[in-house]
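Source file: final.txt; contents: compact mmCIF, C-alpha atoms.
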# COMPACT_ATOMS: atom_id res chain seq x y z
CA MET N 13 48.17 42.65 -31.58
CA VAL N 14 49.18 41.66 -28.08
CA SER N 15 47.85 43.33 -24.95
CA TYR N 16 50.01 45.65 -22.86
CA GLU N 17 50.53 43.02 -20.15
CA GLU N 18 51.47 40.35 -22.69
CA GLY N 19 53.87 42.85 -24.24
CA LEU N 20 55.57 43.42 -20.91
CA ALA N 21 55.99 39.66 -20.49
CA VAL N 22 57.61 39.40 -23.94
CA VAL N 23 60.06 42.17 -23.05
CA LYS N 24 61.02 40.46 -19.81
CA ARG N 25 61.43 37.11 -21.54
CA GLY N 26 63.49 38.72 -24.32
CA PHE N 27 65.87 40.32 -21.86
CA TRP N 28 66.62 37.08 -20.00
CA LEU N 29 66.68 34.94 -23.15
CA LEU N 30 69.05 37.15 -25.15
CA GLY N 31 71.26 37.73 -22.11
CA ALA N 32 71.43 34.04 -21.29
CA ILE N 33 72.21 32.99 -24.87
CA THR N 34 74.97 35.61 -25.12
CA ILE N 35 76.55 34.39 -21.89
CA GLY N 36 76.14 30.83 -23.17
CA GLU N 37 77.97 31.68 -26.41
CA VAL N 38 80.85 33.32 -24.55
CA PHE N 39 80.99 30.35 -22.17
CA VAL N 40 81.28 27.93 -25.12
CA ALA N 41 84.06 30.10 -26.63
CA LEU N 42 85.97 30.31 -23.33
CA ILE N 43 85.67 26.67 -22.31
CA GLY N 44 86.33 25.47 -25.85
CA ASN N 45 89.53 27.51 -26.08
CA GLY N 46 90.79 26.28 -22.70
CA HIS N 47 90.29 29.45 -20.65
CA ILE N 48 88.10 27.92 -17.95
CA ILE N 49 89.54 24.44 -17.35
CA PRO N 50 93.29 24.53 -18.10
CA GLY N 51 94.23 22.00 -20.72
CA PHE N 52 90.64 21.27 -21.75
CA HIS N 53 89.69 22.19 -25.32
CA LEU N 54 86.65 21.51 -27.46
CA PRO N 55 87.06 20.72 -31.15
CA LYS N 56 85.99 23.51 -33.53
CA TYR N 57 83.42 21.28 -35.23
CA VAL N 58 81.61 21.10 -31.89
CA MET N 59 82.00 24.77 -30.90
CA TYR N 60 81.17 26.40 -34.23
CA PRO N 61 77.76 24.79 -34.92
CA VAL N 62 76.68 25.43 -31.31
CA MET N 63 77.65 29.12 -31.44
CA ILE N 64 76.20 29.65 -34.92
CA SER N 65 72.87 28.06 -33.94
CA MET N 66 72.68 30.18 -30.79
CA SER N 67 73.29 33.37 -32.81
CA LEU N 68 70.70 32.40 -35.44
CA TYR N 69 68.18 31.78 -32.67
CA LYS N 70 68.92 35.22 -31.20
CA ALA N 71 68.44 36.77 -34.66
CA TYR N 72 65.11 34.95 -35.13
CA TRP N 73 63.94 36.07 -31.71
CA ILE N 74 64.81 39.73 -32.27
CA VAL N 75 63.12 39.82 -35.69
CA TYR N 76 59.98 37.96 -34.65
CA ASN N 77 59.34 39.45 -31.22
CA PHE N 78 61.17 42.77 -30.87
CA MET N 79 60.57 43.79 -34.48
CA HIS N 80 57.04 42.30 -34.43
CA MET N 81 57.51 40.24 -37.59
CA ALA N 82 55.31 37.59 -35.96
CA TYR N 83 52.37 40.01 -36.15
CA GLU N 84 52.91 41.22 -39.72
CA VAL N 85 50.94 39.99 -42.73
CA ARG N 86 52.46 36.87 -44.29
CA GLY N 87 53.15 38.68 -47.57
CA LEU N 88 55.20 41.37 -45.85
CA ALA N 89 57.16 38.82 -43.84
CA MET N 90 57.94 36.74 -46.93
CA SER N 91 58.94 39.77 -49.02
CA VAL N 92 61.57 40.58 -46.40
CA LEU N 93 62.68 37.09 -45.36
CA LEU N 94 62.78 35.21 -48.67
CA PRO N 95 65.41 37.48 -50.30
CA CYS N 96 67.66 36.67 -47.33
CA LEU N 97 67.79 33.08 -48.59
CA LEU N 98 70.03 34.41 -51.39
CA LEU N 99 72.62 34.99 -48.70
CA VAL N 100 72.80 31.25 -48.04
CA TRP N 101 73.97 30.84 -51.61
CA ALA N 102 76.38 33.77 -51.25
CA VAL N 103 77.95 32.28 -48.12
CA ILE N 104 78.50 28.90 -49.77
CA ALA N 105 79.81 30.37 -53.04
CA PHE N 106 82.18 32.94 -51.57
CA PHE N 107 83.58 30.72 -48.83
CA GLN N 108 84.34 28.15 -51.51
CA GLU N 109 86.00 30.91 -53.51
CA GLY N 110 88.07 32.04 -50.51
CA GLY N 111 89.23 28.50 -49.86
CA SER N 112 90.23 28.23 -53.50
CA TRP N 113 92.35 31.41 -53.34
CA GLY N 114 94.19 29.94 -50.35
CA ALA N 115 94.72 26.60 -52.06
CA ARG N 116 96.02 28.26 -55.21
CA ARG N 117 98.44 30.48 -53.24
CA GLN N 118 99.75 27.42 -51.42
CA GLN N 119 100.13 25.55 -54.70
CA ILE N 120 102.23 28.37 -56.14
CA LYS N 121 104.35 28.46 -52.99
CA ASP N 122 104.91 24.69 -53.09
CA LYS N 123 105.81 24.78 -56.77
CA ASP N 124 108.30 27.61 -56.18
CA GLU N 125 110.01 25.64 -53.44
CA LYS N 126 109.99 22.33 -55.27
CA VAL N 127 113.44 20.95 -55.98
CA VAL N 128 113.55 19.59 -59.48
CA LYS N 129 116.08 17.14 -60.87
CA PRO N 130 118.03 18.97 -63.57
CA ILE N 131 117.88 17.31 -66.95
CA SER N 132 121.26 15.71 -67.53
CA LYS N 133 121.32 15.89 -71.26
CA PRO N 134 119.55 18.42 -73.48
CA THR N 135 116.82 16.84 -75.51
CA GLY N 136 114.60 17.93 -78.34
CA MET N 137 115.49 20.41 -81.06
CA ILE N 138 118.89 21.80 -80.13
CA ASP N 139 120.76 24.60 -81.71
CA THR N 140 124.19 22.95 -81.82
CA LYS N 141 125.98 26.27 -82.37
CA THR N 142 125.22 27.47 -78.82
CA LEU N 143 126.26 24.26 -77.06
CA GLU N 144 129.65 23.21 -75.76
CA PRO N 145 131.16 20.38 -77.75
CA SER N 146 130.93 18.07 -74.74
CA GLN N 147 127.16 18.54 -74.60
CA ILE N 148 126.71 17.26 -78.10
CA GLN N 149 126.09 13.58 -78.30
CA MET M 27 27.36 30.66 -66.23
CA ALA M 28 30.38 29.83 -64.04
CA SER M 29 31.38 32.40 -61.45
CA THR M 30 34.91 32.64 -62.83
CA ASP M 31 33.72 33.85 -66.26
CA ILE M 32 34.48 37.49 -66.98
CA LEU M 33 31.58 39.50 -68.19
CA GLU M 34 32.14 41.82 -71.08
CA LYS M 35 30.91 44.78 -69.07
CA ASP M 36 33.74 44.15 -66.55
CA LEU M 37 36.26 44.74 -69.26
CA HIS M 38 34.72 48.07 -70.13
CA HIS M 39 35.45 49.92 -66.88
CA ASP M 40 32.09 49.29 -65.38
CA ASP M 41 31.73 50.81 -61.91
CA HIS M 42 30.66 47.49 -60.40
CA ALA M 43 33.47 45.39 -61.85
CA PRO M 44 35.21 43.43 -59.05
CA ALA M 45 38.31 42.76 -61.20
CA ILE M 46 38.93 46.46 -61.57
CA GLU M 47 38.18 47.20 -57.92
CA ASP M 48 41.22 45.21 -56.75
CA TRP M 49 43.50 47.61 -58.59
CA SER M 50 41.76 50.82 -57.75
CA GLY M 51 44.07 51.54 -54.80
CA GLY M 52 43.16 52.56 -51.32
CA ASN M 53 43.72 49.17 -49.68
CA GLU M 54 46.79 47.92 -47.83
CA PRO M 55 47.52 44.28 -48.71
CA PHE M 56 50.48 44.28 -46.28
CA ASN M 57 48.45 46.04 -43.59
CA ALA M 58 51.36 48.41 -42.97
CA SER M 59 51.85 52.08 -43.73
CA TYR M 60 54.15 53.21 -46.54
CA GLY M 61 56.78 54.44 -44.09
CA LYS M 62 56.93 51.22 -42.09
CA LEU M 63 57.05 49.04 -45.19
CA MET M 64 59.87 51.13 -46.65
CA MET M 65 61.76 50.90 -43.35
CA TRP M 66 61.58 47.09 -43.67
CA TYR M 67 62.93 47.23 -47.21
CA PHE M 68 65.68 49.65 -46.23
CA LEU M 69 66.68 47.25 -43.47
CA LEU M 70 66.64 44.38 -45.97
CA SER M 71 69.03 46.29 -48.24
CA ASP M 72 71.20 47.17 -45.25
CA ALA M 73 71.26 43.49 -44.28
CA PHE M 74 72.72 42.76 -47.71
CA THR M 75 75.40 45.42 -47.22
CA PHE M 76 76.41 43.95 -43.88
CA ALA M 77 76.23 40.44 -45.30
CA GLY M 78 78.62 41.57 -48.05
CA PHE M 79 81.07 42.74 -45.40
CA LEU M 80 80.79 39.59 -43.32
CA ILE M 81 81.02 37.29 -46.33
CA ALA M 82 84.17 39.16 -47.40
CA TYR M 83 85.53 38.52 -43.91
CA GLY M 84 84.77 34.80 -44.22
CA SER M 85 86.24 34.45 -47.73
CA LEU M 86 89.46 36.26 -46.82
CA ARG M 87 89.82 34.28 -43.62
CA PHE M 88 89.35 31.02 -45.52
CA SER M 89 91.97 32.11 -48.05
CA MET M 90 94.63 32.70 -45.37
CA PRO M 91 96.84 29.93 -43.98
CA THR M 92 96.76 31.62 -40.55
CA TRP M 93 94.46 34.00 -38.67
CA PRO M 94 94.71 35.86 -35.33
CA VAL M 95 93.15 34.24 -32.25
CA PRO M 96 90.04 36.28 -31.27
CA ASP M 97 90.14 35.45 -27.57
CA PHE M 98 93.76 36.63 -27.57
CA VAL M 99 93.19 39.84 -29.57
CA PHE M 100 90.13 40.88 -27.54
CA ARG M 101 91.52 40.24 -24.07
CA THR M 102 91.82 43.79 -22.69
CA PHE M 103 89.44 45.38 -20.22
CA PRO M 104 89.37 48.99 -18.95
CA PHE M 105 91.44 49.47 -15.77
CA ALA M 106 92.48 45.81 -15.82
CA GLY M 107 96.02 46.66 -16.99
CA GLU M 108 97.92 43.63 -18.18
CA THR M 109 95.38 41.16 -16.76
CA HIS M 110 93.95 39.06 -19.59
CA LEU M 111 90.16 38.85 -19.57
CA PRO M 112 89.32 37.20 -22.90
CA LEU M 113 86.06 38.37 -24.54
CA LEU M 114 84.76 39.91 -21.33
CA PHE M 115 84.66 43.51 -22.54
CA VAL M 116 82.83 42.65 -25.75
CA THR M 117 80.32 40.64 -23.70
CA VAL M 118 79.63 43.80 -21.70
CA MET M 119 79.20 45.73 -24.98
CA THR M 120 76.78 43.11 -26.33
CA PHE M 121 74.83 43.24 -23.09
CA ILE M 122 74.55 47.04 -23.30
CA LEU M 123 73.10 46.74 -26.80
CA ILE M 124 70.60 44.07 -25.72
CA VAL M 125 69.44 46.25 -22.82
CA SER M 126 69.03 49.23 -25.16
CA SER M 127 66.91 47.05 -27.46
CA VAL M 128 64.72 46.09 -24.50
CA THR M 129 64.24 49.73 -23.47
CA MET M 130 63.35 50.54 -27.11
CA VAL M 131 60.56 47.92 -27.10
CA ARG M 132 59.24 49.46 -23.91
CA GLY M 133 59.17 52.87 -25.61
CA VAL M 134 57.16 51.48 -28.54
CA GLN M 135 54.73 49.79 -26.14
CA GLU M 136 54.15 53.03 -24.23
CA GLY M 137 53.53 54.68 -27.60
CA HIS M 138 50.72 52.22 -28.36
CA ARG M 139 49.17 53.19 -25.03
CA GLY M 140 49.53 56.86 -25.89
CA ASN M 141 51.72 57.51 -22.84
CA LYS M 142 53.89 60.41 -24.00
CA GLY M 143 56.00 60.63 -20.84
CA GLY M 144 56.69 56.89 -20.97
CA VAL M 145 57.85 57.05 -24.58
CA VAL M 146 60.31 59.88 -23.83
CA PHE M 147 61.61 58.11 -20.70
CA TRP M 148 62.33 54.78 -22.43
CA MET M 149 63.77 56.48 -25.50
CA LEU M 150 66.16 58.45 -23.30
CA LEU M 151 67.34 55.19 -21.70
CA THR M 152 67.83 53.75 -25.21
CA ILE M 153 69.91 56.79 -26.20
CA ILE M 154 72.07 56.33 -23.08
CA GLY M 155 72.54 52.66 -24.00
CA GLY M 156 73.58 53.56 -27.55
CA ALA M 157 76.00 56.22 -26.32
CA ALA M 158 77.48 53.78 -23.79
CA PHE M 159 78.05 51.23 -26.56
CA LEU M 160 79.80 53.87 -28.67
CA GLY M 161 81.96 54.82 -25.70
CA CYS M 162 83.00 51.19 -25.25
CA GLN M 163 83.80 50.92 -28.93
CA ALA M 164 85.91 54.09 -28.76
CA TRP M 165 87.90 52.56 -25.90
CA GLU M 166 88.33 49.29 -27.79
CA TRP M 167 89.56 51.08 -30.93
CA THR M 168 91.91 53.32 -28.95
CA THR M 169 93.46 50.29 -27.25
CA LEU M 170 93.97 48.52 -30.56
CA ILE M 171 95.29 51.56 -32.45
CA LYS M 172 97.38 53.38 -29.83
CA GLY M 173 98.30 50.54 -27.50
CA GLU M 174 98.68 47.61 -29.87
CA ASN M 175 99.52 49.39 -33.14
CA MET M 176 96.84 47.79 -35.29
CA SER M 177 95.70 49.73 -38.36
CA VAL M 178 93.85 49.08 -41.61
CA THR M 179 97.17 48.11 -43.22
CA ARG M 180 99.03 46.56 -40.28
CA ASN M 181 98.12 43.66 -38.03
CA PRO M 182 100.61 42.80 -35.29
CA PHE M 183 98.43 39.89 -34.08
CA GLY M 184 99.31 36.37 -35.16
CA ARG M 185 98.91 32.72 -34.25
CA HIS M 186 101.70 30.24 -33.52
CA GLU M 187 101.35 27.41 -36.01
CA ILE M 188 103.90 25.23 -34.19
CA ALA M 189 105.10 24.96 -30.56
CA GLY M 190 108.52 26.33 -29.62
CA THR M 191 110.76 28.39 -27.34
CA TYR M 192 111.69 32.06 -27.66
CA THR M 193 115.39 32.87 -28.00
CA MET M 194 115.01 36.52 -26.93
CA ASP M 195 112.96 38.21 -24.22
CA GLU M 196 110.01 40.48 -24.91
CA HIS M 197 112.27 43.55 -25.10
CA GLY M 198 114.31 41.98 -27.87
CA HIS M 199 117.38 41.18 -25.72
CA PRO M 200 119.02 37.77 -25.43
CA TYR M 201 117.97 35.88 -22.30
CA GLU M 202 120.27 36.38 -19.32
CA LYS M 203 121.87 33.36 -17.73
CA GLY M 204 119.61 31.55 -15.29
CA VAL M 205 116.41 32.84 -16.86
CA THR M 206 114.14 30.14 -18.25
CA PRO M 207 113.18 31.08 -21.82
CA GLU M 208 109.48 31.54 -22.50
CA THR M 209 107.76 28.76 -24.43
CA PHE M 210 104.62 28.79 -26.58
CA LYS M 211 102.15 26.18 -27.76
CA LYS M 212 100.59 25.53 -31.14
CA GLY M 213 97.49 27.65 -31.70
CA GLU M 214 98.45 30.31 -29.15
CA GLY M 215 98.06 33.96 -30.14
CA TYR M 216 100.86 36.50 -30.06
CA LEU M 217 101.24 40.26 -30.37
CA ILE M 218 104.31 41.93 -31.85
CA HIS M 219 105.09 44.84 -29.54
CA ALA M 220 106.54 48.16 -30.63
CA GLU M 221 109.92 49.17 -29.26
CA HIS M 222 109.71 51.72 -26.42
CA ASP M 223 112.44 54.01 -25.08
CA ALA M 224 113.10 54.84 -21.40
CA ASN M 225 110.25 57.40 -21.40
CA HIS M 226 107.79 54.75 -22.66
CA GLU M 227 107.66 56.51 -26.03
CA VAL M 228 107.44 54.44 -29.21
CA VAL M 229 110.75 54.30 -31.07
CA ALA M 230 110.73 55.14 -34.79
CA ASP M 231 113.38 54.52 -37.43
CA GLU M 232 114.85 57.14 -39.78
CA ALA M 233 111.88 56.90 -42.15
CA GLY M 234 109.48 57.55 -39.27
CA ASN M 235 108.12 53.99 -39.12
CA THR M 236 107.46 52.40 -35.75
CA LYS M 237 110.12 49.86 -34.76
CA PHE M 238 108.75 46.47 -33.77
CA ILE M 239 110.33 43.68 -31.76
CA GLN M 240 109.94 40.55 -33.86
CA ARG M 241 111.13 37.96 -31.33
CA THR M 242 113.14 35.03 -32.58
CA TYR M 243 112.40 31.47 -31.55
CA VAL M 244 113.26 27.83 -32.11
CA THR M 245 110.43 25.44 -32.90
CA GLU M 246 110.12 22.02 -31.32
CA THR M 247 111.38 20.54 -34.58
CA GLY M 248 114.54 22.65 -34.26
CA GLU M 249 113.78 25.22 -36.95
CA LYS M 250 114.67 28.86 -36.28
CA GLY M 251 112.08 31.53 -36.90
CA GLN M 252 110.95 35.05 -36.15
CA LEU M 253 107.49 36.39 -35.25
CA GLU M 254 105.77 37.57 -38.40
CA PHE M 255 102.93 40.08 -38.72
CA GLY M 256 99.51 38.46 -39.08
CA PRO M 257 97.29 38.80 -42.17
CA LYS M 258 96.71 42.53 -42.57
CA GLN M 259 93.18 41.90 -43.85
CA PHE M 260 92.27 41.31 -40.21
CA GLY M 261 92.89 44.96 -39.30
CA ALA M 262 91.11 46.34 -42.36
CA LEU M 263 88.07 44.09 -41.90
CA PHE M 264 87.87 44.80 -38.18
CA PHE M 265 87.90 48.58 -38.53
CA PHE M 266 85.59 48.69 -41.54
CA ILE M 267 82.99 46.26 -40.22
CA THR M 268 82.85 47.44 -36.60
CA GLY M 269 83.18 51.01 -37.88
CA PHE M 270 80.24 50.61 -40.26
CA HIS M 271 78.19 49.10 -37.45
CA GLY M 272 79.30 51.85 -35.07
CA PHE M 273 78.25 54.44 -37.64
CA HIS M 274 74.79 52.83 -37.67
CA VAL M 275 74.65 53.06 -33.88
CA PHE M 276 75.80 56.69 -34.03
CA SER M 277 73.16 57.70 -36.58
CA GLY M 278 70.60 55.69 -34.62
CA VAL M 279 71.39 57.71 -31.51
CA LEU M 280 70.95 60.95 -33.49
CA PHE M 281 67.58 59.85 -34.93
CA LEU M 282 66.42 58.63 -31.52
CA ALA M 283 67.29 62.02 -30.03
CA ILE M 284 65.39 63.90 -32.76
CA ILE M 285 62.34 61.65 -32.48
CA ALA M 286 62.38 61.78 -28.66
CA MET M 287 62.31 65.58 -28.90
CA ASN M 288 59.40 65.41 -31.35
CA VAL M 289 57.55 63.08 -28.99
CA GLY M 290 58.15 65.50 -26.13
CA SER M 291 56.91 68.44 -28.18
CA GLY M 292 53.64 66.61 -28.86
CA LEU M 293 54.12 66.38 -32.66
CA TYR M 294 53.17 62.70 -32.92
CA GLU M 295 50.28 63.14 -30.51
CA LYS M 296 48.75 65.50 -33.09
CA ARG M 297 49.22 62.95 -35.88
CA ARG M 298 47.07 60.43 -33.95
CA ASN M 299 48.85 57.42 -35.44
CA HIS M 300 49.95 55.75 -32.19
CA TYR M 301 53.50 57.10 -32.36
CA GLU M 302 54.30 55.22 -35.55
CA MET M 303 57.55 57.15 -35.93
CA VAL M 304 58.76 55.61 -32.66
CA GLU M 305 57.89 52.19 -34.05
CA LYS M 306 59.91 52.87 -37.22
CA ILE M 307 63.04 54.03 -35.40
CA GLY M 308 62.48 51.04 -33.12
CA LEU M 309 62.75 48.73 -36.14
CA TYR M 310 66.01 50.41 -37.12
CA TRP M 311 67.40 50.14 -33.59
CA HIS M 312 66.59 46.42 -33.29
CA PHE M 313 68.22 45.88 -36.66
CA VAL M 314 71.44 47.46 -35.35
CA ASP M 315 71.28 44.98 -32.45
CA LEU M 316 70.58 42.16 -34.91
CA VAL M 317 73.65 43.01 -36.99
CA TRP M 318 75.76 43.06 -33.84
CA VAL M 319 74.65 39.47 -33.13
CA PHE M 320 76.48 38.45 -36.32
CA VAL M 321 79.46 40.81 -35.96
CA PHE M 322 79.92 39.42 -32.45
CA LEU M 323 79.67 35.87 -33.79
CA VAL M 324 82.16 36.09 -36.64
CA PHE M 325 84.71 38.50 -35.15
CA TYR M 326 84.80 37.54 -31.49
CA LEU M 327 83.47 34.00 -31.17
CA LEU M 328 84.48 31.99 -34.25

Could I get this file's structure written as structure tokens?
Amino acid sequence: MVSYEEGLAVVKRGFWLLGAITIGEVFVALIGNGHIIPGFHLPKYVMYPVMISMSLYKAYWIVYNFMHMAYEVRGLAMSVLLPCLLLVWAVIAFFQEGGSWGARRQQIKDKDEKVVKPISKPTGMIDTKTLEPSQIQ
Amino acid sequence: MASTDILEKDLHHDDHAPAIEDWSGGNEPFNASYGKLMMWYFLLSDAFTFAGFLIAYGSLRFSMPTWPVPDFVFRTFPFAGETHLPLLFVTVMTFILIVSSVTMVRGVQEGHRGNKGGVVFWMLLTIIGGAAFLGCQAWEWTTLIKGENMSVTRNPFGRHEIAGTYTMDEHGHPYEKGVTPETFKKGEGYLIHAEHDANHEVVADEAGNTKFIQRTYVTETGEKGQLEFGPKQFGALFFFITGFHGFHVFSGVLFLAIIAMNVGSGLYEKRRNHYEMVEKIGLYWHFVDLVWVFVFLVFYLL
């Protein structure tokens, strides 16, 4: 366990760190979307990984220092943290699924709008009784 | 005889059998009390619930060809009127929650020192922080529901997928001569406003539904169009996810108040366990802050 003075230092550090990272995240969002320098945008593949990493670092910091996970027995920490790895799988699987729903919807829309060339002459097994005489070869 | 061999007497419930001793109870392999351990596992299960919500948000967003622009939707600020301050209000809310987490840690630390007055003081500050966050959320919801007509089934926020020029003004009237029509760029957000009468009251049709002004436009490729409502999943996900988080904050504030009163009455002092109850509610409170880190990320930043 940490001493009282060390604890106070952790609290102070946590306040500045979490505050600074939050402001950093908002700054990335604002500058990337062109709110700070008019006409200047950052591509999403730059913004997103930066913001996600900053949030994950905040999460790690809260769990390890504010929630004292750093001082818990390894077995306790693992029994809480390891099940969270399942979520990595869930994120990959369900985002893939979501993308697939979108692709399928678009495919149906495209097919509905597709202009097809009408078949000029009927082919295959034809019931000659229902056809006009001109349609019969 | 090797030390790993099991003696027959060990198998017959001998009092000195080390193999049996390990299972005789009374020790704490995780070095944590039952209550604290169960709080961790409750938080783990809660993390899965929130993850389910956020993963649903991601999947539905990925399945949609368009999605509202967060820094356009969350651009309002109390008393700022029509001035657009993207993401500023939610930054203030996030900051309030961080500060309340910091005051909570201070409360737990004073508990370890056995300083009753200190625990109550820092817990009261935490309660104020939680209440302030809830107040901000109430304002945010009111603005979205009353001012901007968003609901769980209706989302008037959208994103322009192509640049163009409006062919009617924001009140739904054709542009007067000499007025330059408003233009918009690709990727810009828009809000479909409700129609208001002279008394600033929302106009409803015969069936009682709010009338909206879906402005018409011409795209840069010359195609005519009309503003369409955005994916309605956005509204449902927003109110359910921030609502579920807000409910956690609300119950947290209640528990904090109860425990602060118990601290003040000297109940935990009598238990002589270094204010462990304060530590447990502290875990819960930090978890609420932790969840907000991710809600803030997916809803407001990405």

Quiz prompt | Sel. within 10 Å of pt (84.5, 29.7, -51.2), counting only C-alpha atoms, output as a PyMOL selection string | solution = (chain N and resi 102-114) or (chain M and resi 81+84-86+88-89)

Exercise. For Gly292 in chain M, list every protein, DNA or RNA residue within 8 Å, evaluated using all atoms listed in the file, and leave out those in the same chain fewer than 4 positions away; present the list as number ranges by chain.
Key: M: 142, 288, 296

Practice problem: Give the answer as one residue: which of M:Phe255, M:Phe260, M:Trp66, M:Phe98 has the shortest atom-to-atom distance to chain N, using all atoms listed in the file? | Solution: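 So, comparing all the options, the nearest one is M:Trp66.
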
Self-check item: Contact set, chain M to chain N: 8 Å, only C-alpha atoms, as a VMD selection string
Solution: chain M and resid 56 to 57 63 66 to 67 70 74 77 81 to 82 84 to 91 97 112 to 113 117 120 to 121 124 to 125 127 to 128 131 to 132 135 139 308 to 309 312 to 313 316 319 to 320 323 327 to 328

Kindly list the centre and edge lengths in Å, rounded to one decimal, for the axis-aligned box that covers all listed atoms of range 31-46 of chain N plus 6 Å on each of its six sides, as lines of an AutoDock Vina configuration file.
center_x = 81.0
center_y = 31.6
center_z = -24.0
size_x = 31.5
size_y = 24.3
size_z = 17.3

Quiz item: Between CA of Asn225 in chain M and CA of Gly107 in chain M, what is the distance, to one decimal in Å?
Solution: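 Straight-line distance from CA of Asn225 in chain M to CA of Gly107 in chain M works out to 18.4 Å.
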
Quiz item: How far is it from CA of Leu150 in chain M to CA of Met81 in chain N, in Å with one decimal?
Solution: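 So the answer is 24.7 Å.
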
Practice problem: Find the residue from M:Arg297, M:Arg101, M:Arg180, M:Lys211 that sits nearest to Gln259 in chain M; use all atoms listed in the file when measuring. | Solution: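 Once distances to Gln259 in chain M are computed over all atoms listed in the file, the minimum belongs to M:Arg180.
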
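With CA of Phe238 in chain M on one side and CA of Ile218 in chain M on the other, the separation reads 6.6 Å.
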
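Using all atoms listed in the file for every distance, the candidate list N:Ile48, N:Ile33, N:Ile120, N:Leu97 yields N:Ile33 as the residue closest to Ser65 in chain N.
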